[in-house]
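Reading through the structure tokens given below for one structure.
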Amino acid sequence: MGKLTESLQETTQQLKNIKKGINQMQLLGDELTENSFMIAETALKVGYNYAQSEIDYTTTNLVESQAQLPSFNVLDRELLKEANNWTEKSLKARFKNCNAAYKHLKDAHGIKLSSRSWKQVVTAFNNGANKKTETGIEPEEQDLKQQVKFLEKRIITLENQLKEQGLLIQQLISQLK
């Protein structure tokens, strides 16, 4: 009777271990599901913020460009050809005054000058206004991207833990057989 009792106790202990492993897998699964929802929510926020910034940027630039252009068409073909090589004359025709050109540099391209002279504005337009100086990503979008990367790493870790628990349960089941 002693061996039977010991065998039953061992089997009971192994079943308890299996149950504990199953509970741990359920907890990991729940945590994985929660993290998946957080990633989906974060991805939706990133998409929404990106779309909103695109709309804001496009709307702002459209309004600014319409406000800056004179009602009659001063920008004829000759001025459009000069788009990559701005001159004081072409900038005056487009913006009327140095402050308007400087405001465009500052608002549209994030370029600030130490002094506002036509010479510096022309140089800035020719050197920097046509080049992309930033990544074009807002700080909130950067934070959301970092959160997504962190959560992706966390999911990989949890998936690995889940696989380990599955292997442990398989070992326990094979021992029971």
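Each chain in the structure tokens gets a letter, A, B and so on, in the order shown; residues start at 1 in every chain, and ligands are counted from 1 in the order they appear.
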
Write out as a list in words which residues come within 12 Å of Ser174 (chain A) when counting only C-alpha atoms, dropping same-chain ones fewer than 6 positions away.
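Within the cut-off, the hits are Gln14, Leu15, Ile18, Leu167 and Leu168 of chain A.
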
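The environment of Lys89 (chain A) within 10 Å, counting only C-alpha atoms and disregarding residues fewer than 4 places along the same chain, consists of A:Leu79, A:Ala93, A:Arg94, A:Lys96, A:Trp118, A:Val122.
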
I need the residues from that last selection saved to file as a PDB file, in the first residue's frame (with C-alpha atoms), if you can.
```pdb
ATOM      1  CA  LEU A  79       9.931  82.961 -61.770  1.00  0.00           C
ATOM      2  CA  ALA A  93       7.826  89.432 -56.243  1.00  0.00           C
ATOM      3  CA  ARG A  94       6.525  86.502 -54.263  1.00  0.00           C
ATOM      4  CA  LYS A  96       6.544  91.596 -51.151  1.00  0.00           C
ATOM      5  CA  TRP A 118      17.310  90.176 -48.056  1.00  0.00           C
ATOM      6  CA  VAL A 122      17.978  84.674 -50.299  1.00  0.00           C
TER       7      VAL A 122
END
```

Residue contacts of Phe125 (chain A) (12 Å, only C-alpha atoms) excluding same-chain residues fewer than 6 positions away, as a short mmCIF file (atom, residue, chain, number, x, y, z; two decimals) with C-alpha atoms, in the first residue's frame:
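Dumped to result-v9.cif:
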```cif
data_model
loop_
_atom_site.label_atom_id
_atom_site.label_comp_id
_atom_site.auth_asym_id
_atom_site.auth_seq_id
_atom_site.Cartn_x
_atom_site.Cartn_y
_atom_site.Cartn_z
CA GLU A 82 14.04 80.16 -60.69
CA ALA A 83 12.51 78.00 -57.95
CA ASN A 84 15.85 76.34 -57.16
CA ASN A 85 17.85 79.56 -57.54
CA TRP A 86 16.05 82.33 -55.72
CA THR A 87 17.04 85.96 -56.20
CA GLU A 88 16.10 89.01 -54.22
CA SER A 90 11.99 86.80 -57.28
CA LEU A 91 11.51 86.70 -53.50
CA ALA A 101 9.81 85.88 -46.62
CA TYR A 102 11.45 85.39 -43.21
CA LYS A 103 8.10 84.32 -41.71
CA HIS A 104 7.73 81.73 -44.49
CA LEU A 105 11.24 80.40 -43.79
CA LYS A 106 10.53 80.17 -40.08
CA ALA A 108 7.33 76.36 -43.27
CA HIS A 109 10.95 75.23 -42.94
CA GLY A 110 11.90 75.91 -39.32
CA ILE A 111 14.79 78.13 -40.41
CA LYS A 112 15.69 81.06 -38.16
CA LEU A 113 18.11 83.79 -39.14
CA TRP A 118 17.31 90.18 -48.06
CA LYS A 119 20.82 88.77 -48.55
CA LYS A 131 15.93 70.74 -48.41
#
```

Selection: 12 Å around Lys149 (chain A), only C-alpha atoms, excl. self and same-chain fewer than 3 positions, as an mmCIF file with N, CA and C atoms, in the first residue's frame:
```
data_model
loop_
_atom_site.group_PDB
_atom_site.id
_atom_site.type_symbol
_atom_site.label_atom_id
_atom_site.label_comp_id
_atom_site.auth_asym_id
_atom_site.auth_seq_id
_atom_site.Cartn_x
_atom_site.Cartn_y
_atom_site.Cartn_z
ATOM 1 N N ASN A 35 -1.218 43.329 -23.896
ATOM 2 C CA ASN A 35 -0.175 44.056 -24.618
ATOM 3 C C ASN A 35 -0.525 44.212 -26.095
ATOM 4 N N MET A 38 -2.801 47.025 -26.310
ATOM 5 C CA MET A 38 -2.067 48.293 -26.128
ATOM 6 C C MET A 38 -1.322 48.655 -27.406
ATOM 7 N N ILE A 39 -0.744 47.671 -28.070
ATOM 8 C CA ILE A 39 -0.020 47.936 -29.322
ATOM 9 C C ILE A 39 -0.992 48.395 -30.398
ATOM 10 N N THR A 42 -1.986 51.904 -29.579
ATOM 11 C CA THR A 42 -0.878 52.810 -29.865
ATOM 12 C C THR A 42 -0.720 53.010 -31.367
ATOM 13 N N ALA A 43 -0.842 51.926 -32.124
ATOM 14 C CA ALA A 43 -0.732 52.039 -33.576
ATOM 15 C C ALA A 43 -1.853 52.919 -34.135
ATOM 16 N N GLN A 142 7.146 60.360 -32.317
ATOM 17 C CA GLN A 142 8.382 59.670 -31.932
ATOM 18 C C GLN A 142 8.145 58.846 -30.668
ATOM 19 N N ASP A 143 7.466 59.463 -29.670
ATOM 20 C CA ASP A 143 7.186 58.753 -28.420
ATOM 21 C C ASP A 143 6.320 57.532 -28.683
ATOM 22 N N LEU A 144 5.317 57.675 -29.516
ATOM 23 C CA LEU A 144 4.440 56.543 -29.823
ATOM 24 C C LEU A 144 5.200 55.436 -30.544
ATOM 25 N N LYS A 145 6.096 55.811 -31.441
ATOM 26 C CA LYS A 145 6.900 54.800 -32.135
ATOM 27 C C LYS A 145 7.789 54.050 -31.152
ATOM 28 N N GLN A 146 8.366 54.783 -30.189
ATOM 29 C CA GLN A 146 9.201 54.127 -29.182
ATOM 30 C C GLN A 146 8.362 53.189 -28.324
ATOM 31 N N GLU A 152 6.534 45.740 -28.725
ATOM 32 C CA GLU A 152 6.875 44.621 -29.601
ATOM 33 C C GLU A 152 7.926 43.733 -28.939
ATOM 34 N N LYS A 153 8.934 44.354 -28.321
ATOM 35 C CA LYS A 153 9.962 43.569 -27.618
ATOM 36 C C LYS A 153 9.342 42.809 -26.446
ATOM 37 N N ARG A 154 8.416 43.473 -25.752
ATOM 38 C CA ARG A 154 7.760 42.839 -24.608
ATOM 39 C C ARG A 154 6.942 41.634 -25.068
ATOM 40 N N ILE A 155 6.263 41.760 -26.197
ATOM 41 C CA ILE A 155 5.472 40.645 -26.738
ATOM 42 C C ILE A 155 6.380 39.479 -27.093
ATOM 43 N N ILE A 156 7.519 39.770 -27.703
ATOM 44 C CA ILE A 156 8.464 38.699 -28.050
ATOM 45 C C ILE A 156 8.919 37.973 -26.791
#
```

Just to confirm, what's the straight-line distance from CA of Gln147 (chain A) to CA of Glu159 (chain A) in Å (one decimal)?
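We find that CA of Gln147 (chain A) and CA of Glu159 (chain A) lie 18.1 Å from each other.
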
Figure out the distance between CA of Leu158 (chain A) and CA of Gly29 (chain A), please, to one decimal in Å.
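Distance reported for this atom pair: 8.3 Å.
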